[in-house]
>>> print(open('my_file.txt').read())   # compact mmCIF, C-alpha atoms
# COMPACT_ATOMS: atom_id res chain seq x y z
CA MET A 487 -58.97 210.58 6.75
CA GLU A 488 -57.86 212.08 3.43
CA THR A 489 -59.50 211.35 0.09
CA LYS A 490 -57.10 210.02 -2.54
CA SER A 491 -59.65 209.90 -5.35
CA LEU A 492 -63.21 211.02 -6.00
CA LEU A 493 -65.59 210.04 -3.22
CA ARG A 494 -69.35 209.60 -2.99
CA VAL A 495 -71.04 208.27 0.10
CA GLY A 496 -74.71 208.32 -0.80
CA GLY A 497 -77.44 209.85 1.31
CA THR A 498 -79.87 212.73 1.71
CA SER A 499 -79.98 215.77 3.97
CA VAL A 500 -82.59 216.69 6.56
CA TYR A 501 -84.00 219.22 4.09
CA PHE A 502 -85.32 218.41 0.64
CA ASP A 503 -82.72 219.41 -1.92
CA TYR A 504 -84.44 220.70 -5.06
CA VAL A 505 -81.22 220.69 -7.06
CA SER A 506 -79.94 217.35 -5.81
CA ALA A 507 -78.22 215.03 -8.26
CA ASP A 508 -79.61 211.65 -9.26
CA LEU A 509 -76.95 210.13 -7.00
CA PRO A 510 -76.36 212.61 -4.14
CA GLN A 511 -73.57 212.81 -1.61
CA ALA A 512 -74.61 212.61 2.06
CA LYS A 513 -74.90 216.08 3.60
CA VAL A 514 -75.90 217.67 6.90
CA VAL A 515 -76.96 221.25 7.71
CA VAL A 516 -74.40 223.05 9.89
CA ASN A 517 -74.51 226.65 11.13
CA TYR A 518 -71.08 228.25 10.81
CA ASN A 519 -70.59 231.93 11.70
CA GLY A 520 -74.34 232.49 11.48
CA VAL A 521 -74.67 230.96 8.03
CA ASP A 522 -76.29 227.60 7.31
CA TYR A 523 -74.14 225.32 5.17
CA LEU A 524 -75.15 222.00 3.63
CA ILE A 525 -71.96 220.13 4.50
CA PRO A 526 -70.90 216.88 2.81
CA TYR A 527 -69.80 214.34 5.38
CA ILE A 528 -69.00 210.66 5.87
CA PRO A 529 -71.61 209.03 8.12
CA SER A 530 -70.25 207.06 11.05
CA THR A 531 -72.34 204.11 9.86
CA SER A 532 -70.42 204.03 6.57
CA PHE A 533 -67.05 204.09 8.31
CA LYS A 534 -68.02 201.49 10.92
CA GLY A 535 -69.54 199.26 8.23
CA LEU A 536 -66.33 199.36 6.19
CA LEU A 537 -64.16 198.79 9.25
CA ARG A 538 -66.25 195.92 10.60
CA SER A 539 -66.65 194.12 7.28
CA THR A 540 -62.91 194.42 6.65
CA VAL A 541 -62.17 193.01 10.09
CA GLU A 542 -64.70 190.18 9.76
CA VAL A 543 -63.36 188.96 6.42
CA SER A 544 -59.66 189.42 7.23
CA ARG A 545 -59.70 187.89 10.71
CA ARG A 546 -62.00 185.08 9.63
CA LYS A 547 -59.77 183.96 6.75
CA SER A 548 -56.59 183.85 8.82
CA GLY A 549 -57.33 180.36 10.22
CA ASN A 550 -56.93 176.76 9.08
CA PRO A 551 -59.19 173.67 9.35
CA PRO A 552 -58.99 171.99 12.78
CA ALA A 553 -57.61 168.45 12.74
CA ASP A 554 -60.70 167.11 14.53
CA PHE A 555 -63.25 168.94 12.34
CA ASP A 556 -65.11 165.77 11.29
CA ASN A 557 -65.53 164.68 14.90
CA LYS A 558 -66.72 168.14 15.92
CA VAL A 559 -69.36 168.15 13.18
CA LYS A 560 -70.49 164.66 14.20
CA GLU A 561 -70.91 165.78 17.83
CA PHE A 562 -72.71 168.94 16.69
CA LEU A 563 -75.23 167.09 14.53
CA SER A 564 -75.90 164.33 17.07
CA ALA A 565 -76.61 166.88 19.83
CA LEU A 566 -79.24 168.75 17.80
CA SER A 567 -82.88 168.01 18.50
CA ASP A 568 -85.16 167.43 15.53
CA LYS A 569 -86.46 171.02 15.67
CA SER A 570 -83.06 172.62 16.22
CA LYS A 571 -81.63 170.53 13.39
CA LYS A 572 -84.39 171.83 11.14
CA ILE A 573 -83.44 175.41 12.08
CA PHE A 574 -79.80 174.64 11.31
CA ARG A 575 -80.58 173.10 7.92
CA GLU A 576 -82.85 176.00 6.92
CA ASN A 577 -80.14 178.52 7.75
CA LEU A 578 -77.45 176.45 6.05
CA GLU A 579 -79.62 176.13 2.95
CA LYS A 580 -79.91 179.93 2.74
CA GLU A 581 -76.13 180.28 2.94
CA VAL A 582 -75.51 177.60 0.31
CA GLU A 583 -78.13 179.09 -2.00
CA LEU A 584 -76.49 182.51 -1.71
CA LEU A 585 -73.04 181.09 -2.45
CA ALA A 586 -74.29 178.90 -5.30
CA ASN A 587 -76.31 181.69 -6.94
CA SER A 588 -73.21 183.90 -6.72
CA GLY A 589 -71.14 181.28 -8.55
CA ILE A 590 -68.85 180.71 -5.58
CA ILE A 591 -69.73 177.02 -5.07
CA PRO A 592 -71.42 174.45 -7.35
CA TYR A 593 -75.21 174.12 -7.30
CA ASN A 594 -75.08 170.47 -6.25
CA TYR A 595 -74.32 171.50 -2.67
CA LYS A 596 -77.93 172.66 -2.39
CA ASP A 597 -78.99 169.05 -2.99
CA LEU A 598 -76.57 167.82 -0.31
CA VAL A 599 -78.24 170.08 2.27
CA LYS A 600 -81.66 168.74 1.31
CA ARG A 601 -80.37 165.17 1.56
CA GLY A 602 -79.57 165.94 5.19
CA ASP A 603 -77.49 162.90 6.18
CA GLU A 604 -74.37 163.32 8.31
CA GLY A 605 -71.89 162.78 5.47
CA SER A 606 -73.62 165.30 3.19
CA LEU A 607 -73.90 167.98 5.86
CA LYS A 608 -70.28 167.42 6.87
CA GLU A 609 -69.17 167.95 3.27
CA VAL A 610 -71.29 171.11 2.93
CA LEU A 611 -69.93 172.58 6.18
CA ARG A 612 -66.36 171.93 5.12
CA VAL A 613 -66.95 173.77 1.84
CA TYR A 614 -68.75 176.57 3.70
CA PHE A 615 -65.79 177.16 6.01
CA ASP A 616 -63.34 176.82 3.11
CA VAL A 617 -65.13 179.73 1.46
CA SER A 618 -65.99 181.86 4.49
CA GLY A 619 -62.85 181.20 6.52
CA TRP A 620 -61.90 178.85 9.33
CA ASN A 621 -61.08 181.36 12.07
CA SER A 622 -64.72 181.49 13.14
CA SER A 623 -63.93 181.95 16.83
CA GLU A 624 -62.26 185.26 15.98
CA SER A 625 -65.08 186.59 13.83
CA CYS A 626 -68.60 185.61 12.85
CA TYR A 627 -70.43 187.00 9.84
CA SER A 628 -72.85 189.48 11.35
CA THR A 629 -75.14 189.50 8.29
CA SER A 630 -75.62 185.70 8.28
CA ASP A 631 -78.56 184.00 10.02
CA LEU A 632 -76.44 180.87 10.27
CA ASP A 633 -73.18 182.30 11.45
CA ARG A 634 -73.85 185.52 13.37
CA CYS A 635 -73.37 185.92 17.08
CA GLU A 636 -76.34 186.32 19.39
CA ASN A 637 -76.76 186.74 23.12
CA VAL A 638 -78.17 183.26 23.74
CA SER A 639 -79.64 184.25 27.11
CA LEU A 640 -82.09 186.49 25.25
CA ILE A 641 -83.28 183.83 22.79
CA GLU A 642 -86.72 182.72 23.98
CA ASP A 643 -87.26 179.83 21.58
CA GLU A 644 -85.66 176.77 23.19
CA ASP A 645 -84.83 175.00 19.92
CA ARG A 646 -83.23 178.06 18.35
CA ARG A 647 -81.27 178.69 21.54
CA LYS A 648 -80.07 175.07 21.49
CA PHE A 649 -78.93 175.42 17.88
CA ARG A 650 -77.06 178.63 18.66
CA GLU A 651 -75.32 177.16 21.71
CA LEU A 652 -74.17 174.12 19.74
CA TRP A 653 -73.07 176.27 16.79
CA ASN A 654 -70.98 178.38 19.19
CA ARG A 655 -69.35 175.19 20.45
CA LEU A 656 -68.63 174.03 16.89
CA THR A 657 -67.08 177.37 15.92
CA GLY A 658 -65.20 177.83 19.20
CA ARG A 659 -66.96 181.00 20.33
CA GLN A 660 -67.12 181.69 24.06
CA PRO A 661 -69.92 182.55 23.31
CA ILE A 662 -69.43 185.84 21.41
CA CYS A 663 -66.66 186.28 18.85
CA ARG A 664 -63.92 188.85 19.30
CA THR A 665 -65.36 191.12 16.59
CA CYS A 666 -68.86 191.24 18.09
CA ARG A 667 -67.51 191.91 21.58
CA LEU A 668 -66.00 195.09 20.17
CA TYR A 669 -68.56 196.20 17.58
CA GLY A 670 -71.75 194.76 19.10
CA THR A 671 -74.37 192.25 18.06
CA SER A 672 -77.96 191.29 18.83
CA GLY A 673 -78.33 191.58 22.59
CA LEU A 674 -74.84 193.02 23.19
CA ARG A 675 -73.97 196.71 23.07
CA ALA A 676 -70.88 197.76 21.13
CA SER A 677 -67.78 198.67 23.12
CA VAL A 678 -66.74 201.44 20.73
CA ARG A 679 -68.54 204.50 19.36
CA PHE A 680 -67.68 206.37 16.17
CA SER A 681 -68.49 209.97 15.29
CA ASN A 682 -69.38 211.18 11.82
CA PHE A 683 -66.44 212.37 9.72
CA TYR A 684 -66.68 216.06 8.83
CA PRO A 685 -64.43 217.99 6.42
CA ILE A 686 -61.90 220.31 8.06
CA ASP A 687 -59.35 221.02 5.32
CA PRO A 688 -60.42 222.74 3.17
CA PHE A 689 -63.60 224.15 4.64
CA PRO A 690 -66.14 224.59 3.28
CA ILE A 691 -65.58 222.10 0.48
CA ARG A 692 -66.92 222.09 -3.04
CA ILE A 693 -69.11 219.33 -4.40
CA ASP A 694 -68.59 218.54 -8.07
CA ARG A 695 -71.31 217.12 -10.26
CA LEU A 696 -70.47 214.61 -12.96
CA THR A 697 -72.73 213.43 -15.75
CA HIS A 698 -72.55 209.88 -17.07
CA VAL A 699 -74.26 207.92 -19.79
CA SER A 700 -74.95 204.22 -20.07
CA ILE A 701 -73.64 202.24 -23.04
CA ASP A 702 -76.18 200.24 -24.99
CA ARG A 703 -74.82 196.68 -25.02
CA ARG A 704 -76.44 195.95 -28.38
CA THR A 705 -75.25 198.96 -30.38
CA TRP A 706 -72.19 199.93 -28.30
CA ALA A 707 -73.41 203.51 -28.58
CA SER A 708 -74.34 205.87 -25.77
CA SER A 709 -77.95 205.69 -24.61
CA PRO A 710 -79.23 209.30 -24.28
CA GLN A 711 -82.30 208.13 -22.36
CA LYS A 712 -80.00 206.84 -19.65
CA LEU A 713 -78.09 209.97 -18.70
CA TYR A 714 -77.55 210.38 -14.97
CA ASN A 715 -75.46 212.60 -12.73
CA GLU A 716 -73.84 212.29 -9.33
CA GLU A 717 -72.27 214.46 -6.67
CA VAL A 718 -68.65 213.74 -5.77
CA ILE A 719 -66.04 215.05 -3.35
CA SER A 720 -62.63 215.80 -4.83
CA MET A 721 -59.37 214.18 -3.81
CA GLY A 722 -57.21 215.84 -1.16
CA VAL A 723 -60.01 216.63 1.30
CA ARG A 724 -59.28 215.88 4.95
CA PHE A 725 -62.04 214.62 7.22
CA LEU A 726 -61.91 214.34 11.00
CA GLY A 727 -63.62 211.68 13.07
CA PHE A 728 -63.33 210.17 16.55
CA ALA A 729 -63.57 206.74 18.14
CA LEU A 730 -64.69 206.52 21.76
CA LEU A 731 -63.74 203.25 23.47
CA LEU A 732 -66.01 202.25 26.34
CA LYS A 733 -63.93 199.33 27.64
CA ASP A 734 -60.20 199.73 28.14
CA GLU A 735 -59.49 196.02 27.65
CA TYR A 736 -60.29 196.39 23.93
CA LYS A 737 -57.79 199.20 23.29
CA GLU A 738 -55.27 197.01 21.47
CA ASN A 739 -58.07 195.38 19.46
CA ILE A 740 -59.42 198.64 18.07
CA LEU A 741 -55.91 199.92 17.29
CA ASP A 742 -55.10 196.65 15.50
CA ASP A 743 -58.33 196.88 13.50
CA LEU A 744 -57.70 200.50 12.48
CA LYS A 745 -54.18 199.55 11.38
CA LEU A 746 -55.64 196.70 9.33
CA LEU A 747 -58.04 199.11 7.61
CA SER A 748 -55.33 201.73 7.08
CA ASP A 749 -52.95 199.20 5.53
CA LYS A 750 -55.63 197.80 3.22
CA ALA A 751 -56.68 201.32 2.18
CA GLU A 752 -53.06 202.15 1.31
CA ARG A 753 -52.94 199.06 -0.94
CA VAL A 754 -56.38 199.94 -2.35
CA GLU A 755 -57.73 196.60 -1.17
CA VAL A 756 -60.69 198.46 0.35
CA THR A 757 -62.50 201.62 -0.74
CA LEU A 758 -65.12 203.80 0.91
CA GLY A 759 -68.52 204.59 -0.55
CA ALA A 760 -69.76 203.97 -4.07
CA ARG A 761 -68.08 203.05 -7.38
CA GLY A 762 -64.91 201.58 -5.93
CA SER A 763 -64.50 199.41 -9.04
CA VAL A 764 -63.88 202.53 -11.16
CA GLY A 765 -61.42 204.19 -8.81
CA TYR A 766 -63.68 206.07 -6.41
CA GLY A 767 -63.37 205.92 -2.63
CA MET A 768 -59.59 205.64 -2.20
CA PHE A 769 -58.39 207.15 1.06
CA SER A 770 -55.63 207.26 3.64
CA LEU A 771 -56.28 206.93 7.35
CA LYS A 772 -54.25 208.18 10.31
CA PHE A 773 -55.16 207.19 13.84
CA GLY A 774 -53.72 207.00 17.33
CA ASP A 775 -50.79 209.36 18.00
CA PHE A 776 -49.76 211.52 15.03
CA GLU A 777 -49.35 215.11 13.82
CA VAL A 778 -51.03 216.92 10.92
CA GLU A 779 -50.21 220.26 9.29
CA LEU A 780 -53.34 222.03 8.05
CA SER A 781 -53.49 224.45 5.15
CA ASP A 782 -54.68 228.05 5.28
CA LYS A 783 -57.92 226.82 3.67
CA SER A 784 -58.84 224.70 6.67
CA ILE A 785 -61.53 225.55 9.20
CA LEU A 786 -58.71 226.09 11.74
CA GLY A 787 -56.17 227.89 9.58
CA ASN A 788 -52.45 227.04 9.33
CA LEU A 789 -52.23 225.03 12.52
CA THR A 790 -50.18 221.96 13.27
CA LEU A 791 -52.24 219.54 15.33
CA LYS A 792 -51.15 216.64 17.48
CA PHE A 793 -53.66 213.84 17.92
CA LYS A 794 -53.27 211.32 20.70
CA VAL A 795 -55.01 208.34 22.24
CA LYS A 796 -56.39 209.80 25.43
CA GLU A 797 -57.81 208.12 28.51
CA GLY A 798 -60.44 209.73 30.69
CA VAL A 799 -62.81 212.58 29.90
CA GLU A 800 -61.89 216.25 29.76
CA TYR A 801 -63.89 219.24 28.57
CA ASN A 802 -61.15 221.88 28.32
CA VAL A 803 -60.67 222.94 24.70
CA THR A 804 -58.15 225.54 23.59
CA GLU A 805 -59.66 228.64 22.01
CA LYS A 806 -58.15 227.83 18.60
CA LEU A 807 -60.09 224.56 18.43
CA LYS A 808 -63.49 225.72 19.70
CA VAL A 809 -64.83 226.14 16.17
CA LEU A 810 -64.84 222.34 16.00
CA ASN A 811 -67.70 222.38 18.51
CA ILE A 812 -70.05 222.84 15.56
CA PHE A 813 -69.26 219.20 14.79
CA TYR A 814 -68.05 217.50 17.96
CA PRO A 815 -68.47 217.68 21.75
CA SER A 816 -65.62 219.14 23.81
CA TYR A 817 -64.63 215.83 25.42
CA LEU A 818 -63.64 214.52 21.98
CA ILE A 819 -61.88 217.70 20.84
CA SER A 820 -59.83 217.72 24.06
CA SER A 821 -57.76 214.85 22.61
CA ILE A 822 -56.26 217.32 20.09
CA GLU A 823 -53.34 219.59 20.93
CA VAL A 824 -52.18 222.64 18.95
CA VAL A 825 -48.40 222.31 18.59
CA GLY A 826 -47.74 224.85 15.84
CA ASN A 827 -49.18 228.01 14.30
CA ARG A 828 -47.39 228.76 11.08
CA GLU A 829 -46.94 232.26 9.75
CA GLY A 830 -49.98 233.55 7.90
CA ALA A 831 -52.46 231.51 9.91
CA ASN A 832 -56.08 232.64 10.00
>>> encode(input="my_file.txt", output="structure tokens")
Amino acid sequence: METKSLLRVGGTSVYFDYVSADLPQAKVVVNYNGVDYLIPYIPSTSFKGLLRSTVEVSRRKSGNPPADFDNKVKEFLSALSDKSKKIFRENLEKEVELLANSGIIPYNYKDLVKRGDEGSLKEVLRVYFDVSGWNSSESCYSTSDLDRCENVSLIEDEDRRKFRELWNRLTGRQPICRTCRLYGTSGLRASVRFSNFYPIDPFPIRIDRLTHVSIDRRTWASSPQKLYNEEVISMGVRFLGFALLLKDEYKENILDDLKLLSDKAERVEVTLGARGSVGYGMFSLKFGDFEVELSDKSILGNLTLKFKVKEGVEYNVTEKLKVLNIFYPSYLISSIEVVGNREGAN
């Protein structure tokens, strides 16, 4: 990953930073050549969160309404017990309230949920899927109590389990969506693991500190009492991270998802970290099989590296790459091959 603009992924280090900015960049302490460095990095949680949310929204909105939607809703509602229907309506009401309060749908849909008759609920569900996307078998919304996947065999409450089973039937999930099978959900371990992303070119990297001031909306003047500063990473910094796939059958899925993220990042449809609306967080992403030429400022010197999708586990790492062991285990580094060492390399 290479930064194409300023970047700040917020967080704190394991040590208290007495000179930290108001809005700090995430850092970790790393010992390099006997010296402790406070290294800015991109947490794996930030990358996975961006990847998963991009996949959920994009895959979900690629579908169209089924021709028999009204009949499916009728069957769904008639199969619910009184208690499971109450659970459904409570969860649906939360979703509608969120969408209405965000200005995405009119407020009157909240009243339709409370009315609770078949016609009203059918109308609300149609609007809900119009907004959230119809391809619900491909992807749930993992942050939604209504629409997230769960391992139904682990749900102890019979009425809640009944609601979830019927919701899966309505949305066409068998019973876990494609996204959750790869990235995990409640009661189901993820099939892919991501490492943190650490800077390798240049190394170490400099953190800049910017000072900002809020504008008083009444006077249109700066508000000196509202000065704040933040730490940012400059553009042109290369970070290295790894994905470890635990199930081979999902290989094409993860490669498709990474391509989706890479394409959207190139078009600046997605950004990483904070302040994306003002141009922060733009990046490019390479994955799979590719080559990279590093500069003489990198942690590895002027090497040309070949990255490849690798099956199986190996622990043999060439001497020129062993410095990366301060960040990653050998079985991940073994997927990198040195294919060039340009003149003047460190």
>>> residues_around(input="my_file.txt", residues="stretch 749-765 of chain A", least_positions_apart="4", cutoff="12 Å", atoms="only C-alpha atoms", output="VMD selection string")
chain A and resid 487 to 497 509 to 512 527 to 541 543 to 544 716 to 719 721 742 to 745 769 to 773
>>> atom_distance(input="my_file.txt", atom1="atom CA of A:Pro661", atom2="atom CA of A:Lys580")
23.0 Å
>>> closest_atom_pairs(input="my_file.txt", of="stretch 787-813 of chain A", to="stretch 672-694 of chain A", cutoff="12 Å", atoms="only C-alpha atoms", output="tab-separated table")
residue	atom	partner	partner_atom	distance
A:Gly787	CA	A:Asp687	CA	8.7
A:Asn788	CA	A:Asp687	CA	10.0
A:Leu789	CA	A:Asp687	CA	10.9
A:Leu807	CA	A:Ile686	CA	11.4
A:Val809	CA	A:Ile686	CA	10.4
A:Leu810	CA	A:Ile686	CA	8.7
A:Asn811	CA	A:Tyr684	CA	11.6
A:Ile812	CA	A:Tyr684	CA	10.1
A:Phe813	CA	A:Tyr684	CA	7.2
>>> atom_distance(input="my_file.txt", atom1="atom CA of A:Ser748", atom2="atom CA of A:Asp633")
26.7 Å
>>> closest_residue(input="my_file.txt", among="A:Ile740, A:Val515, A:Ile573, A:Val825", to="A:Asp645", atoms="all atoms listed in the file")
A:Ile573
>>> closest_residue(input="my_file.txt", among="A:Gly602, A:Gly670, A:Gly520, A:Pro551", to="A:Lys571", atoms="all atoms listed in the file")
A:Gly602
>>> residues_near_point(input="my_file.txt", point="(-67.9, 185.5, 19.6)", cutoff="10 Å", atoms="only C-alpha atoms", output="number ranges by chain")
A: 622-626, 634-637, 654, 657-668, 671
>>> residues_around(input="my_file.txt", residues="stretch 584-601 of chain A", least_positions_apart="6", cutoff="8 Å", atoms="all atoms listed in the file", output="NGL selection string")
:A and (575 or 578 or 607 or 610)
>>> atom_distance(input="my_file.txt", atom1="atom CA of A:Ser821", atom2="atom CA of A:Ser784")
18.8 Å
>>> closest_residue(input="my_file.txt", among="A:Pro710, A:Pro815, A:Gly798, A:Pro552", to="A:Leu731", atoms="only C-alpha atoms")
A:Gly798
>>> residues_around(input="my_file.txt", residues="A:Lys806", least_positions_apart="4", cutoff="12 Å", atoms="only C-alpha atoms", output="list in words")
Ile785, Leu786, Gly787, Asn788, Leu789, Thr790, Leu791, Asn802, Leu810, Asn811, Ile819, Ser820, Ile822, Glu823, Val824, Val825, Gly826, Asn827, Ala831 and Asn832 of chain A
>>> closest_residue(input="my_file.txt", among="A:Ala729, A:Asn715, A:Val559, A:Asn739", to="A:Tyr817", atoms="all atoms listed in the file")
A:Ala729
>>> closest_residue(input="my_file.txt", among="A:Phe776, A:Glu642, A:Asp734, A:Leu726", to="A:Leu818", atoms="all atoms listed in the file")
A:Leu726
>>> axis_aligned_box(input="my_file.txt", around="stretch 799-808 of chain A", padding_each_side="3 Å", output="AutoDock Vina command-line options")
--center_x -61.0 --center_y 220.6 --center_z 24.2 --size_x 11.7 --size_y 22.1 --size_z 17.5
